[in-house]
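This is start_12.cif (mmCIF, C-alpha atoms).
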data_input
loop_
_atom_site.group_PDB
_atom_site.id
_atom_site.type_symbol
_atom_site.label_atom_id
_atom_site.label_comp_id
_atom_site.auth_asym_id
_atom_site.auth_seq_id
_atom_site.Cartn_x
_atom_site.Cartn_y
_atom_site.Cartn_z
ATOM 1 C CA MET A 888 18.482 -6.130 4.691
ATOM 2 C CA GLU A 889 20.533 -3.076 5.570
ATOM 3 C CA GLN A 890 19.232 0.316 4.551
ATOM 4 C CA GLU A 891 22.345 0.848 2.390
ATOM 5 C CA ALA A 892 21.087 -1.891 0.063
ATOM 6 C CA TRP A 893 17.686 -0.300 -0.518
ATOM 7 C CA GLN A 894 17.347 0.908 -4.107
ATOM 8 C CA ILE A 895 14.899 3.757 -4.712
ATOM 9 C CA LEU A 896 13.741 4.978 -8.123
ATOM 10 C CA ILE A 897 12.320 8.503 -8.270
ATOM 11 C CA VAL A 898 10.108 9.123 -11.305
ATOM 12 C CA GLU A 899 9.920 12.919 -11.430
ATOM 13 C CA ASP A 900 10.287 15.418 -14.288
ATOM 14 C CA ASP A 901 11.216 18.379 -12.060
ATOM 15 C CA GLU A 902 14.974 17.879 -12.231
ATOM 16 C CA ARG A 903 15.840 20.250 -9.397
ATOM 17 C CA LEU A 904 13.309 18.688 -7.036
ATOM 18 C CA ALA A 905 14.425 15.192 -8.024
ATOM 19 C CA GLU A 906 18.093 16.007 -7.403
ATOM 20 C CA LEU A 907 17.404 17.637 -4.030
ATOM 21 C CA THR A 908 15.317 14.631 -3.020
ATOM 22 C CA ARG A 909 18.030 12.240 -4.159
ATOM 23 C CA GLU A 910 20.671 14.097 -2.159
ATOM 24 C CA TYR A 911 18.556 14.008 0.991
ATOM 25 C CA LEU A 912 17.664 10.332 0.679
ATOM 26 C CA GLN A 913 21.244 9.335 -0.126
ATOM 27 C CA SER A 914 22.469 11.274 2.899
ATOM 28 C CA ASN A 915 20.198 8.995 4.921
ATOM 29 C CA GLY A 916 21.632 5.757 3.579
ATOM 30 C CA LEU A 917 19.453 5.018 0.559
ATOM 31 C CA LYS A 918 20.607 4.435 -3.025
ATOM 32 C CA VAL A 919 18.605 6.576 -5.431
ATOM 33 C CA ALA A 920 18.162 6.708 -9.202
ATOM 34 C CA ILE A 921 16.050 9.199 -11.173
ATOM 35 C CA GLU A 922 13.850 8.767 -14.239
ATOM 36 C CA SER A 923 12.375 11.985 -15.659
ATOM 37 C CA ASP A 924 10.569 10.616 -18.720
ATOM 38 C CA GLY A 925 7.164 9.095 -18.060
ATOM 39 C CA ALA A 926 7.271 7.239 -21.374
ATOM 40 C CA LYS A 927 10.363 5.333 -20.219
ATOM 41 C CA ALA A 928 9.387 4.893 -16.562
ATOM 42 C CA ALA A 929 7.340 1.692 -16.766
ATOM 43 C CA ALA A 930 10.023 -0.187 -18.703
ATOM 44 C CA ARG A 931 12.702 0.999 -16.293
ATOM 45 C CA ILE A 932 10.724 -0.029 -13.204
ATOM 46 C CA LEU A 933 10.157 -3.508 -14.609
ATOM 47 C CA ARG A 934 13.775 -3.816 -15.751
ATOM 48 C CA ASP A 935 15.491 -2.517 -12.606
ATOM 49 C CA GLN A 936 12.974 -3.813 -10.045
ATOM 50 C CA PRO A 937 13.917 -1.209 -7.394
ATOM 51 C CA ASP A 938 12.976 -1.806 -3.775
ATOM 52 C CA LEU A 939 10.604 1.177 -3.907
ATOM 53 C CA VAL A 940 9.329 3.642 -6.496
ATOM 54 C CA VAL A 941 8.520 7.284 -5.774
ATOM 55 C CA LEU A 942 6.145 8.096 -8.624
ATOM 56 C CA ASP A 943 4.976 11.592 -9.537
ATOM 57 C CA LEU A 944 1.427 11.815 -10.843
ATOM 58 C CA MET A 945 2.044 14.476 -13.496
ATOM 59 C CA LEU A 946 4.748 13.442 -15.956
ATOM 60 C CA PRO A 947 5.618 14.097 -19.608
ATOM 61 C CA GLY A 948 5.101 11.133 -21.914
ATOM 62 C CA GLU A 949 2.882 9.072 -19.611
ATOM 63 C CA ASP A 950 1.177 9.990 -16.364
ATOM 64 C CA GLY A 951 1.789 8.299 -13.020
ATOM 65 C CA LEU A 952 -1.611 6.591 -12.891
ATOM 66 C CA SER A 953 -1.018 4.878 -16.231
ATOM 67 C CA ILE A 954 2.502 3.844 -15.195
ATOM 68 C CA CYS A 955 1.241 2.442 -11.895
ATOM 69 C CA ARG A 956 -1.500 0.433 -13.604
ATOM 70 C CA LYS A 957 0.944 -0.892 -16.200
ATOM 71 C CA VAL A 958 3.671 -2.089 -13.808
ATOM 72 C CA ARG A 959 1.567 -3.309 -10.882
ATOM 73 C CA PRO A 960 1.009 -6.887 -12.131
ATOM 74 C CA SER A 961 4.769 -7.495 -12.498
ATOM 75 C CA TYR A 962 6.283 -5.133 -9.943
ATOM 76 C CA HIS A 963 5.713 -6.153 -6.338
ATOM 77 C CA GLY A 964 7.653 -3.474 -4.488
ATOM 78 C CA PRO A 965 5.952 -0.491 -2.838
ATOM 79 C CA ILE A 966 4.848 2.462 -4.963
ATOM 80 C CA LEU A 967 4.692 5.834 -3.212
ATOM 81 C CA MET A 968 2.770 8.316 -5.314
ATOM 82 C CA LEU A 969 3.245 12.090 -5.258
ATOM 83 C CA THR A 970 -0.070 13.915 -5.678
ATOM 84 C CA ALA A 971 -1.406 17.454 -5.779
ATOM 85 C CA ARG A 972 -2.429 18.571 -2.273
ATOM 86 C CA SER A 973 -5.894 19.746 -3.280
ATOM 87 C CA ASP A 974 -7.014 16.862 -5.485
ATOM 88 C CA ASP A 975 -8.587 14.096 -3.427
ATOM 89 C CA MET A 976 -9.586 12.218 -6.577
ATOM 90 C CA ASP A 977 -5.940 11.852 -7.627
ATOM 91 C CA GLN A 978 -5.209 10.168 -4.305
ATOM 92 C CA VAL A 979 -8.148 7.787 -4.649
ATOM 93 C CA LEU A 980 -7.276 6.910 -8.248
ATOM 94 C CA GLY A 981 -3.662 6.308 -7.307
ATOM 95 C CA LEU A 982 -4.672 3.830 -4.622
ATOM 96 C CA GLU A 983 -7.106 2.139 -6.994
ATOM 97 C CA MET A 984 -4.315 1.714 -9.548
ATOM 98 C CA GLY A 985 -2.237 -0.078 -6.915
ATOM 99 C CA ALA A 986 -0.167 2.610 -5.202
ATOM 100 C CA ASP A 987 0.736 1.684 -1.620
ATOM 101 C CA ASP A 988 0.778 5.202 -0.204
ATOM 102 C CA TYR A 989 0.839 8.806 -1.288
ATOM 103 C CA VAL A 990 2.475 12.043 -0.220
ATOM 104 C CA CYS A 991 1.086 15.455 -1.110
ATOM 105 C CA LYS A 992 3.222 18.065 -2.811
ATOM 106 C CA PRO A 993 5.101 20.110 -1.774
ATOM 107 C CA VAL A 994 6.928 17.237 -0.122
ATOM 108 C CA ARG A 995 8.771 17.733 3.151
ATOM 109 C CA PRO A 996 11.923 15.591 2.923
ATOM 110 C CA ARG A 997 11.621 14.189 6.452
ATOM 111 C CA VAL A 998 8.017 13.132 5.818
ATOM 112 C CA LEU A 999 8.984 11.493 2.531
ATOM 113 C CA LEU A 1000 11.854 9.624 4.195
ATOM 114 C CA ALA A 1001 9.589 8.409 7.009
ATOM 115 C CA ARG A 1002 6.974 7.128 4.543
ATOM 116 C CA ILE A 1003 9.643 5.401 2.451
ATOM 117 C CA ARG A 1004 11.150 3.666 5.471
ATOM 118 C CA ALA A 1005 7.719 2.547 6.704
ATOM 119 C CA LEU A 1006 6.881 1.039 3.317
ATOM 120 C CA LEU A 1007 10.264 -0.667 3.073
ATOM 121 C CA ARG A 1008 9.900 -2.164 6.560
ATOM 122 C CA ARG A 1009 6.513 -3.563 5.635
ATOM 123 C CA SER A 1010 7.774 -4.955 2.333
ATOM 124 C CA GLU A 1011 10.584 -6.688 4.229
ATOM 125 C CA GLY A 1012 7.971 -8.421 6.366
ATOM 126 C CA VAL A 1013 8.171 -6.244 9.480
ATOM 127 C CA SER A 1014 4.466 -5.710 9.907
ATOM 128 C CA GLU A 1015 3.371 -3.014 12.306
ATOM 129 C CA ALA A 1016 -0.073 -4.597 12.323
ATOM 130 C CA ALA A 1017 0.871 -7.983 13.767
ATOM 131 C CA PRO A 1018 -1.502 -9.259 16.482
ATOM 132 C CA VAL A 1019 -0.261 -9.344 20.038
ATOM 133 C CA ASP A 1020 0.055 -13.127 20.180
ATOM 134 C CA ASN A 1021 2.452 -13.083 17.179
ATOM 135 C CA GLN A 1022 0.317 -15.549 15.261
ATOM 136 C CA ARG A 1023 1.739 -15.949 11.770
ATOM 137 C CA ARG A 1024 -1.064 -17.739 9.903
ATOM 138 C CA LEU A 1025 -4.818 -17.217 9.974
ATOM 139 C CA GLU A 1026 -7.241 -19.729 8.464
ATOM 140 C CA TYR A 1027 -10.923 -18.967 8.026
ATOM 141 C CA GLY A 1028 -12.345 -21.796 5.956
ATOM 142 C CA VAL A 1029 -11.123 -21.364 2.377
ATOM 143 C CA LEU A 1030 -9.431 -18.052 3.195
ATOM 144 C CA VAL A 1031 -5.837 -18.310 4.428
ATOM 145 C CA ILE A 1032 -3.601 -15.364 5.349
ATOM 146 C CA ASP A 1033 0.090 -15.870 6.163
ATOM 147 C CA SER A 1034 1.980 -12.933 7.670
ATOM 148 C CA ALA A 1035 5.407 -14.593 7.443
ATOM 149 C CA MET A 1036 5.047 -15.140 3.700
ATOM 150 C CA ARG A 1037 2.920 -12.000 3.298
ATOM 151 C CA GLU A 1038 0.543 -13.925 1.083
ATOM 152 C CA ALA A 1039 -3.124 -14.847 1.119
ATOM 153 C CA TRP A 1040 -5.083 -17.586 -0.624
ATOM 154 C CA LEU A 1041 -8.755 -18.089 -1.441
ATOM 155 C CA ARG A 1042 -9.710 -21.686 -2.229
ATOM 156 C CA GLU A 1043 -5.977 -22.411 -2.560
ATOM 157 C CA GLN A 1044 -5.618 -19.733 -5.242
ATOM 158 C CA SER A 1045 -3.152 -16.931 -4.517
ATOM 159 C CA ILE A 1046 -4.744 -13.504 -4.000
ATOM 160 C CA GLU A 1047 -2.994 -10.570 -5.673
ATOM 161 C CA LEU A 1048 -2.613 -7.927 -2.950
ATOM 162 C CA THR A 1049 -0.433 -4.850 -2.755
ATOM 163 C CA SER A 1050 1.734 -4.506 0.338
ATOM 164 C CA ALA A 1051 -0.687 -1.974 1.825
ATOM 165 C CA GLU A 1052 -3.715 -4.150 1.056
ATOM 166 C CA PHE A 1053 -2.097 -7.141 2.732
ATOM 167 C CA ASP A 1054 -1.305 -5.127 5.863
ATOM 168 C CA LEU A 1055 -4.900 -3.914 6.093
ATOM 169 C CA LEU A 1056 -6.366 -7.392 5.521
ATOM 170 C CA TRP A 1057 -4.028 -8.895 8.137
ATOM 171 C CA LEU A 1058 -4.904 -6.198 10.659
ATOM 172 C CA LEU A 1059 -8.643 -6.742 10.209
ATOM 173 C CA ALA A 1060 -8.466 -10.539 10.122
ATOM 174 C CA SER A 1061 -6.198 -10.777 13.163
ATOM 175 C CA ASN A 1062 -8.762 -8.700 15.034
ATOM 176 C CA ALA A 1063 -11.765 -10.708 13.829
ATOM 177 C CA GLY A 1064 -14.905 -9.951 15.798
ATOM 178 C CA ARG A 1065 -13.680 -6.524 16.948
ATOM 179 C CA ILE A 1066 -14.667 -3.261 15.316
ATOM 180 C CA LEU A 1067 -11.612 -1.240 14.313
ATOM 181 C CA SER A 1068 -12.133 2.474 13.876
ATOM 182 C CA ARG A 1069 -10.574 4.346 10.986
ATOM 183 C CA GLU A 1070 -8.414 6.094 13.563
ATOM 184 C CA GLU A 1071 -7.070 2.773 14.895
ATOM 185 C CA ILE A 1072 -6.458 1.408 11.413
ATOM 186 C CA PHE A 1073 -4.781 4.574 10.181
ATOM 187 C CA THR A 1074 -2.475 4.792 13.190
ATOM 188 C CA ALA A 1075 -1.545 1.096 13.021
ATOM 189 C CA LEU A 1076 -0.750 1.136 9.316
ATOM 190 C CA ARG A 1077 0.599 4.622 8.745
ATOM 191 C CA GLY A 1078 2.059 5.502 12.146
ATOM 192 C CA ILE A 1079 0.433 8.914 12.133
ATOM 193 C CA GLU A 1080 -2.863 10.289 13.425
ATOM 194 C CA TYR A 1081 -5.954 10.153 11.231
ATOM 195 C CA ASP A 1082 -6.886 13.592 9.902
ATOM 196 C CA GLY A 1083 -10.555 12.756 9.325
ATOM 197 C CA LEU A 1084 -10.284 13.336 5.568
ATOM 198 C CA ASP A 1085 -8.014 10.609 4.200
ATOM 199 C CA ARG A 1086 -9.929 8.046 2.125
ATOM 200 C CA SER A 1087 -7.150 5.518 1.576
ATOM 201 C CA ILE A 1088 -8.584 2.997 4.072
ATOM 202 C CA ASP A 1089 -12.000 3.041 2.407
ATOM 203 C CA VAL A 1090 -10.483 2.649 -1.056
ATOM 204 C CA ARG A 1091 -8.368 -0.319 0.032
ATOM 205 C CA ILE A 1092 -11.338 -1.986 1.723
ATOM 206 C CA SER A 1093 -13.295 -1.688 -1.533
ATOM 207 C CA ARG A 1094 -10.384 -3.296 -3.425
ATOM 208 C CA ILE A 1095 -9.865 -6.103 -0.915
ATOM 209 C CA ARG A 1096 -13.494 -7.228 -0.665
ATOM 210 C CA PRO A 1097 -13.887 -8.816 -4.126
ATOM 211 C CA LYS A 1098 -10.405 -10.310 -3.927
ATOM 212 C CA ILE A 1099 -11.339 -12.338 -0.823
ATOM 213 C CA GLY A 1100 -14.725 -13.399 -2.160
ATOM 214 C CA ASP A 1101 -16.777 -10.736 -0.397
ATOM 215 C CA ASP A 1102 -19.771 -9.081 -2.054
ATOM 216 C CA PRO A 1103 -18.821 -5.420 -2.664
ATOM 217 C CA MET A 1104 -22.490 -4.338 -2.670
ATOM 218 C CA HIS A 1105 -23.553 -6.396 0.343
ATOM 219 C CA PRO A 1106 -20.334 -7.246 2.214
ATOM 220 C CA ARG A 1107 -20.432 -9.950 4.860
ATOM 221 C CA LEU A 1108 -16.730 -10.584 5.531
ATOM 222 C CA ILE A 1109 -15.550 -7.015 6.020
ATOM 223 C CA LYS A 1110 -18.564 -5.091 7.267
ATOM 224 C CA THR A 1111 -18.816 -1.334 7.497
ATOM 225 C CA VAL A 1112 -20.194 -0.419 10.903
ATOM 226 C CA ARG A 1113 -21.736 3.024 10.570
ATOM 227 C CA SER A 1114 -19.976 5.731 12.578
ATOM 228 C CA LYS A 1115 -17.652 3.138 14.124
ATOM 229 C CA GLY A 1116 -15.368 1.532 11.561
ATOM 230 C CA TYR A 1117 -14.815 -1.901 10.032
ATOM 231 C CA LEU A 1118 -15.421 -5.409 11.295
ATOM 232 C CA PHE A 1119 -13.954 -8.678 9.975
ATOM 233 C CA VAL A 1120 -16.542 -11.439 10.451
ATOM 234 C CA ALA A 1121 -14.805 -14.806 10.855
ATOM 235 C CA GLU A 1122 -18.040 -16.805 10.567
ATOM 236 C CA ALA A 1123 -18.766 -15.255 7.164
ATOM 237 C CA ALA A 1124 -15.272 -16.131 5.931
ATOM 238 C CA GLU A 1125 -15.623 -19.712 7.117
ATOM 239 C CA ALA A 1126 -18.945 -19.972 5.272
ATOM 240 C CA LEU A 1127 -17.401 -19.076 1.901
ATOM 241 C CA ALA A 1128 -17.023 -22.719 0.907
ATOM 242 C CA SER A 1129 -20.719 -23.416 1.327
#
Kindly present the structure from the file in structure tokens form.
Amino acid sequence: MEQEAWQILIVEDDERLAELTREYLQSNGLKVAIESDGAKAAARILRDQPDLVVLDLMLPGEDGLSICRKVRPSYHGPILMLTARSDDMDQVLGLEMGADDYVCKPVRPRVLLARIRALLRRSEGVSEAAPVDNQRRLEYGVLVIDSAMREAWLREQSIELTSAEFDLLWLLASNAGRILSREEIFTALRGIEYDGLDRSIDVRISRIRPKIGDDPMHPRLIKTVRSKGYLFVAEAAEALAS
């Protein structure tokens, strides 16, 4: 798909900021609409089904977290949340509600554009986390992950994953048996260096574990290796059926 066809919906009540953002994004080949009323945002997202939503956390009518939670089951495009720079909890909650990424305010237009393009590339199936042998399908017993379809199944039942969760699961599973540091994961998925503070990887791991049949309290499939990172254990995945 050409960039000109990408439809972006900005949900932002600061009209001046929204208009400036729209102008910048449109000057870079994107088509942009604006919704300023939080109470109307969820219905509009589900009706219009834009390719990506830029969702402000603080909105009149209904806040961004509530909107994200409401639309996530029926809206499968990326959601990029705008959060307050100082509030780590907002970022964590946004990811838990199903946001794919976040950008801290005040937003630098070039950073926002880069994040939008990265999310759109991933949603179009251009995964930056593909293994070197270009394998498209991984099967570990009852767990199947298909990078071409960008879907995963557990015991033949489809697993509901956000775009960001799928990318992380694919990266870990395609590197089964090798510990991946947070730095490696962050760079592979976000394309920028890890700042040592971001908790998005940890939040997504905690969301993925129960979805793939792992025990959140005593994980065996995706293990946390203290001071090193995360490890996908193929043998544990293959033992799920037993």
Requested in this report: Work out how far apart atom CA of A:Leu1056 and atom CA of A:Leu1000 are and give it in Å to one decimal.
Outcome: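 Computing the Euclidean distance for atom CA of A:Leu1056 and atom CA of A:Leu1000 yields 25.0 Å.
The space separating atom CA of A:Asp988 from atom CA of A:Ile1092 comes to 14.2 Å.
For the choices A:Glu1122, A:Arg1037, A:Leu944, A:Lys918, the atom-to-atom distance to A:Lys992 is smallest for A:Leu944 when using only C-alpha atoms.
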Query - Counting all atoms listed in the file, the residue of A:Arg995, A:Arg956, A:Arg1107, A:Arg934 that sits nearest A:Thr908 - result: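 Comparing A:Arg995, A:Arg956, A:Arg1107, A:Arg934 against A:Thr908, the winner is A:Arg995.
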Query - Neighbour list for A:Arg1069 as an MDAnalysis selection string, cut-off 6 Å, all atoms listed in the file, skip fewer than 3 positions in-chain - result: chainID A and resid 1072:1073 1116
Using the file's own x, y and z axes, what box holds all listed atoms of stretch 1113-1126 of chain A with 8 Å on each side, keeping edges along x, y and z, and what are its centre and edge lengths in Å to one decimal, as JSON?
{"center_x": -17.8, "center_y": -7.1, "center_z": 9.7, "size_x": 23.8, "size_y": 41.7, "size_z": 24.9}
Query raised in the report: Restricting the calculation to all atoms listed in the file, which member of A:Phe1053, A:Tyr989, A:Tyr962, A:Tyr911 is positioned closest to A:Trp1040?
Result: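 Closest to A:Trp1040, using all atoms listed in the file: A:Phe1053.
Atom CA of A:Glu902 is found 24.0 Å from atom CA of A:Asp987.
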**Report entry** Selection near A:Asp900, 7 Å with all atoms listed in the file, sequence-local residues under 5 positions removed, as a list of chain:residue names
**Finding:**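 Counting all atoms listed in the file, the residues come to A:Ser923, A:Asp924, A:Leu946.
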Requested in this report: Determine the residue membership of the PyMOL selection byres ((chain A and resi 1029) around 9) for the file above and supply it as JSON, numbers by chain.
Outcome: {"A": [1026, 1027, 1028, 1030, 1031, 1040, 1041, 1042, 1043, 1124, 1125, 1126, 1127, 1128]}
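Environment of (-10.9, -5.1, -2.0): residues at most 10 Å away, judged by only C-alpha atoms, are Glu983, Leu1048, Glu1052, Leu1056, Asp1089, Val1090, Arg1091, Ile1092, Ser1093, Arg1094, Ile1095, Arg1096, Pro1097, Lys1098, Ile1099, Gly1100, Asp1101, Asp1102, Pro1103 and Ile1109 of chain A.
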